[in-house]
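Structure file protein07.tsv (TSV, C-alpha atoms and all ligand atoms) follows.
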```tsv
chain	number	residue	atom	x	y	z
M	1	MET	CA	-132.08	88.69	-80.58
M	2	ASN	CA	-133.13	91.69	-78.54
M	3	LEU	CA	-136.74	91.87	-77.53
M	4	VAL	CA	-139.06	94.06	-75.57
M	5	LEU	CA	-141.62	92.28	-73.41
M	6	PHE	CA	-144.40	94.77	-73.50
M	7	GLY	CA	-147.65	95.01	-71.59
M	8	PRO	CA	-149.47	96.56	-68.64
M	9	PRO	CA	-148.35	96.04	-65.05
M	10	ALA	CA	-149.04	92.50	-63.81
M	11	ALA	CA	-149.40	91.11	-67.34
M	12	GLY	CA	-146.72	88.52	-66.56
M	13	LYS	CA	-143.69	90.16	-68.21
M	14	GLY	CA	-141.30	89.24	-65.40
M	15	THR	CA	-142.44	85.62	-65.25
M	16	GLN	CA	-142.03	85.14	-69.00
M	17	ALA	CA	-138.71	86.98	-69.08
M	18	LYS	CA	-137.30	84.61	-66.46
M	19	ARG	CA	-138.36	81.61	-68.54
M	20	LEU	CA	-136.62	83.01	-71.59
M	21	VAL	CA	-133.48	83.54	-69.53
M	22	ALA	CA	-133.57	79.90	-68.42
M	23	GLU	CA	-134.41	78.52	-71.87
M	24	ARG	CA	-132.40	80.73	-74.19
M	25	GLY	CA	-129.68	82.33	-72.11
M	26	TYR	CA	-130.84	85.84	-72.83
M	27	VAL	CA	-130.21	88.52	-70.22
M	28	GLN	CA	-133.27	90.07	-68.57
M	29	LEU	CA	-133.05	93.80	-68.05
M	30	SER	CA	-135.88	94.83	-65.73
M	31	THR	CA	-135.77	98.45	-64.65
M	32	GLY	CA	-138.33	97.63	-61.94
M	33	ASP	CA	-135.97	94.99	-60.49
M	34	MET	CA	-133.02	97.39	-60.75
M	35	LEU	CA	-134.92	100.11	-58.93
M	36	ARG	CA	-136.08	97.69	-56.22
M	37	ALA	CA	-132.46	96.55	-55.80
M	38	ALA	CA	-131.37	100.18	-55.46
M	39	ARG	CA	-133.96	100.65	-52.73
M	40	ALA	CA	-132.97	97.47	-50.94
M	41	SER	CA	-129.33	98.60	-50.94
M	42	GLY	CA	-130.32	101.90	-49.31
M	43	SER	CA	-128.47	103.87	-52.02
M	44	GLU	CA	-129.11	107.53	-52.63
M	45	LEU	CA	-130.88	106.62	-55.88
M	46	GLY	CA	-133.04	104.10	-54.05
M	47	GLN	CA	-134.09	106.70	-51.53
M	48	ARG	CA	-134.87	109.19	-54.28
M	49	VAL	CA	-137.24	106.86	-56.15
M	50	ALA	CA	-138.96	105.13	-53.23
M	51	ALA	CA	-141.94	107.43	-52.82
M	52	ILE	CA	-142.49	107.73	-56.58
M	53	MET	CA	-142.54	103.95	-56.97
M	54	ASP	CA	-144.81	103.34	-54.00
M	55	ALA	CA	-147.30	105.84	-55.41
M	56	GLY	CA	-147.27	103.96	-58.72
M	57	SER	CA	-145.85	106.80	-60.83
M	58	LEU	CA	-143.01	106.55	-63.31
M	59	VAL	CA	-139.53	107.61	-62.24
M	60	SER	CA	-137.69	109.97	-64.58
M	61	ASP	CA	-136.53	108.86	-68.00
M	62	GLU	CA	-132.96	109.93	-67.18
M	63	ILE	CA	-132.75	107.55	-64.22
M	64	VAL	CA	-133.98	104.44	-66.02
M	65	ILE	CA	-132.04	105.16	-69.21
M	66	GLU	CA	-128.84	105.38	-67.18
M	67	LEU	CA	-129.66	102.10	-65.40
M	68	ILE	CA	-130.22	100.37	-68.73
M	69	GLU	CA	-127.06	101.83	-70.23
M	70	ASP	CA	-124.98	100.55	-67.29
M	71	ALA	CA	-126.64	97.11	-67.37
M	72	MET	CA	-126.03	96.74	-71.09
M	73	ALA	CA	-122.39	97.69	-70.65
M	74	ALA	CA	-122.05	95.13	-67.85
M	75	ASN	CA	-123.50	92.37	-70.07
M	76	LYS	CA	-121.72	93.01	-73.35
M	77	GLY	CA	-121.40	89.34	-74.29
M	78	ALA	CA	-125.10	88.55	-73.86
M	79	PRO	CA	-126.67	86.58	-76.73
M	80	GLY	CA	-129.70	88.82	-76.42
M	81	PHE	CA	-131.48	91.19	-74.10
M	82	ILE	CA	-135.04	90.98	-72.86
M	83	PHE	CA	-136.23	94.42	-71.93
M	84	ASP	CA	-138.86	94.01	-69.22
M	85	GLY	CA	-140.72	97.11	-68.02
M	86	PHE	CA	-138.53	99.29	-70.24
M	87	PRO	CA	-139.09	101.34	-72.33
M	88	ARG	CA	-142.19	102.90	-70.79
M	89	THR	CA	-142.18	106.25	-72.62
M	90	ILE	CA	-141.41	107.34	-76.16
M	91	ALA	CA	-138.30	109.15	-74.87
M	92	GLN	CA	-137.07	105.89	-73.35
M	93	ALA	CA	-137.75	103.98	-76.58
M	94	GLU	CA	-135.80	106.54	-78.59
M	95	ALA	CA	-132.93	106.44	-76.13
M	96	LEU	CA	-132.89	102.63	-76.28
M	97	ASP	CA	-132.75	102.68	-80.08
M	98	GLY	CA	-129.79	105.04	-79.83
M	99	LEU	CA	-127.97	102.91	-77.23
M	100	LEU	CA	-128.42	99.75	-79.27
M	101	ALA	CA	-127.39	101.44	-82.50
M	102	ARG	CA	-124.14	102.51	-80.89
M	103	HIS	CA	-123.34	98.80	-80.48
M	104	GLY	CA	-124.58	97.91	-83.98
M	105	LYS	CA	-127.72	96.35	-82.51
M	106	ARG	CA	-131.45	96.95	-82.56
M	107	ILE	CA	-134.75	95.79	-81.12
M	108	ASP	CA	-135.75	92.79	-83.20
M	109	LEU	CA	-139.19	92.11	-81.77
M	110	VAL	CA	-141.73	93.53	-79.36
M	111	VAL	CA	-143.84	90.80	-77.74
M	112	ARG	CA	-147.01	92.42	-76.55
M	113	LEU	CA	-148.80	90.63	-73.72
M	114	GLU	CA	-152.44	91.54	-74.23
M	115	ALA	CA	-154.38	91.76	-71.00
M	116	ASP	CA	-157.75	92.83	-69.70
M	117	PRO	CA	-157.34	95.66	-67.13
M	118	GLU	CA	-160.20	94.39	-64.93
M	119	ARG	CA	-158.63	90.98	-64.56
M	120	LEU	CA	-155.29	92.61	-63.88
M	121	VAL	CA	-156.83	94.39	-60.92
M	122	GLU	CA	-157.83	90.93	-59.56
M	123	ARG	CA	-154.36	89.53	-60.24
M	124	ILE	CA	-152.72	92.41	-58.45
M	125	ALA	CA	-154.99	92.15	-55.44
M	126	LYS	CA	-153.85	88.52	-55.12
M	127	ARG	CA	-150.17	89.46	-55.52
M	128	PHE	CA	-150.58	92.22	-52.93
M	129	ALA	CA	-151.96	89.68	-50.47
M	130	GLU	CA	-149.15	87.19	-51.20
M	131	GLU	CA	-146.11	89.44	-51.60
M	132	GLY	CA	-147.10	92.75	-50.03
M	133	ARG	CA	-145.42	94.95	-52.66
M	134	ALA	CA	-146.32	98.50	-51.63
M	135	ASP	CA	-147.12	99.57	-55.20
M	136	ASP	CA	-149.57	96.68	-55.60
M	137	ASN	CA	-152.06	98.29	-53.23
M	138	PRO	CA	-155.29	99.18	-55.07
M	139	GLU	CA	-154.67	102.95	-55.12
M	140	SER	CA	-151.14	102.67	-56.47
M	141	PHE	CA	-152.19	100.06	-58.97
M	142	LYS	CA	-154.75	102.47	-60.40
M	143	VAL	CA	-151.96	105.02	-60.87
M	144	ARG	CA	-149.72	102.39	-62.50
M	145	LEU	CA	-152.45	101.31	-64.88
M	146	ASN	CA	-153.13	104.92	-65.75
M	147	ALA	CA	-149.42	105.59	-66.34
M	148	TYR	CA	-149.40	102.60	-68.65
M	149	LEU	CA	-152.43	103.78	-70.61
M	150	THR	CA	-151.28	107.38	-71.00
M	151	GLN	CA	-147.48	107.15	-71.20
M	152	THR	CA	-146.61	103.60	-72.25
M	153	ALA	CA	-149.40	102.40	-74.56
M	154	PRO	CA	-148.37	104.92	-77.28
M	155	LEU	CA	-145.24	102.80	-77.74
M	156	VAL	CA	-147.34	100.19	-79.53
M	157	ALA	CA	-147.74	102.58	-82.47
M	158	TYR	CA	-144.04	103.50	-82.26
M	159	TYR	CA	-143.00	99.87	-82.69
M	160	GLN	CA	-145.84	98.99	-85.06
M	161	GLU	CA	-144.49	101.57	-87.48
M	162	GLN	CA	-141.28	99.56	-87.42
M	163	GLY	CA	-143.23	96.32	-88.01
M	164	LYS	CA	-141.95	94.74	-84.81
M	165	VAL	CA	-145.03	94.08	-82.67
M	166	ARG	CA	-146.34	90.54	-82.13
M	167	GLY	CA	-149.38	90.05	-79.90
M	168	VAL	CA	-149.78	87.22	-77.41
M	169	ASP	CA	-152.76	86.52	-75.12
M	170	GLY	CA	-151.38	87.46	-71.71
M	171	MET	CA	-154.43	86.20	-69.85
M	172	ALA	CA	-153.82	82.55	-70.73
M	173	ASP	CA	-151.99	80.36	-68.21
M	174	ILE	CA	-148.24	80.68	-67.84
M	175	GLU	CA	-147.42	77.61	-69.98
M	176	CYS	CA	-149.69	78.72	-72.83
M	177	VAL	CA	-148.22	82.21	-72.83
M	178	ALA	CA	-144.70	80.73	-72.83
M	179	ARG	CA	-145.57	78.51	-75.80
M	180	ALA	CA	-147.09	81.43	-77.68
M	181	ILE	CA	-143.95	83.50	-77.09
M	182	SER	CA	-141.76	80.63	-78.28
M	183	GLY	CA	-143.89	80.45	-81.41
M	184	VAL	CA	-143.31	84.13	-82.04
M	185	LEU	CA	-139.56	83.91	-81.46
M	186	GLY	CA	-139.09	80.69	-83.39
M	187	GLY	CA	-136.32	78.13	-82.87
N	201	LIG	P1	-142.30	97.22	-62.53
N	201	LIG	O1	-141.75	96.20	-61.61
N	201	LIG	O2	-141.74	97.12	-63.92
N	201	LIG	O3	-143.81	97.26	-62.53
N	201	LIG	O4	-141.81	98.64	-62.00
N	201	LIG	C1	-142.13	99.09	-60.69
N	201	LIG	C2	-142.04	100.61	-60.63
N	201	LIG	O5	-140.71	101.03	-60.95
N	201	LIG	C3	-142.92	101.36	-61.61
N	201	LIG	O6	-144.25	101.53	-61.15
N	201	LIG	C4	-142.17	102.70	-61.71
N	201	LIG	O7	-142.37	103.48	-60.54
N	201	LIG	C5	-140.73	102.23	-61.70
N	201	LIG	N1	-140.25	101.92	-63.06
N	201	LIG	C6	-139.85	100.69	-63.51
N	201	LIG	N2	-139.47	100.75	-64.79
N	201	LIG	C7	-139.65	102.05	-65.18
N	201	LIG	C8	-139.45	102.75	-66.38
N	201	LIG	N3	-138.99	102.12	-67.49
N	201	LIG	N4	-139.72	104.08	-66.41
N	201	LIG	C9	-140.16	104.72	-65.32
N	201	LIG	N5	-140.39	104.12	-64.13
N	201	LIG	C10	-140.14	102.78	-64.06
```
Translate this structure into structure tokens?
Amino acid sequence: MNLVLFGPPAAGKGTQAKRLVAERGYVQLSTGDMLRAARASGSELGQRVAAIMDAGSLVSDEIVIELIEDAMAANKGAPGFIFDGFPRTIAQAEALDGLLARHGKRIDLVVRLEADPERLVERIAKRFAEEGRADDNPESFKVRLNAYLTQTAPLVAYYQEQGKVRGVDGMADIECVARAISGVLGG
């Protein structure tokens, strides 16, 4: 089972992905985590993307597609992948379909965490206070939300055409969202 956890920034994708890893043994592939790790390591890539990330903009498709390709190759035996924060553009979604097809695989389901942007702004303000992530500051968050609405939201139609989208209320508490996702995935 390969699934995309889809939704705006701060909708809870990472939290739910980690639960699925613990419960089902799937491998979480978060491009945001990969990029933060690259920054923490001080690599050339990390330095290249730092300012873009802090501003809340998307890094280039080429960079994230390559990260995903490498991570998939490094986890060949995984029982399933959870794509978290990827794809974020149509070009990324098309590249992902191609990568999976090369291995005889495909995206089985897209779990869409539905969330109210105004409440996300509140959530993010809280996370900024607690964790201090630079791109959680109010200005950057506006840019991230806008990137989601203009570049990422069109993916819903892309996956709907393939009949793969299942909606879940992302504003419910963590346990409820987890149960709803389990219901969608079955078993
Ligand atoms: P996230 O933790 O998923 O919210 O990602 C944090 C930041 O990393 C984003 O605001 C982007 O700057 C960058 N990023 C993560 N994933 C992608 C992606 N699939 N495409 C482009 N940029 C990304």
Self-check item: Distance of atom C10 of ligand LIG 201 (chain N) from CA of Ala129 (chain M), expressed in Å to one decimal place
Solution: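 Answer for the CA of Ala129 (chain M) to atom C10 of ligand LIG 201 (chain N) separation: 22.3 Å.
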Exercise. Identify, on the basis of all atoms listed in the file, every residue whose closest approach to region 121-126 of chain M does not exceed 10 Å; exclude the query and any residue fewer than 6 positions from it along the same chain; express the result as a list in words.
Key: Pro9, Ala10, Ala11, Gly12, Gly132, Arg133, Asp135, Asp136, Asn137, Pro138, Phe141, Lys142 and Leu145 of chain M
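In this model, the gap between CA of Ser140 (chain M) and CA of Ala71 (chain M) comes to 27.4 Å.
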Self-check item: Long-range neighbours of Tyr159 (chain M) as an MDAnalysis selection string, 12 Å cut-off, all atoms listed in the file, 2 positions minimum in chain
Solution: chainID M and resid 3:4 6 87 89:90 93:94 97 106:112 152:157 161:166
Practice problem: Point out the residue among M:Phe81, M:Phe128, M:Tyr148, M:Tyr26 with the least atom-to-atom distance to ligand LIG 201 (chain N), counting all atoms listed in the file. | Solution: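 Under the stated criterion, the closest residue is M:Tyr148.
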Exercise. Select, from M:Ser43, M:Ala38, M:Val168, M:Thr15, the residue with the minimum atom-to-atom distance to Leu113 (chain M), counting all atoms listed in the file.
Key: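 Using all atoms listed in the file, the shortest distance to Leu113 (chain M) belongs to M:Val168.
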Quiz item: Which one is closest to Glu62 (chain M): M:Asn75, M:Ser41, M:Gln47, M:Gln92? Count all atoms listed in the file.
Solution: M:Gln92
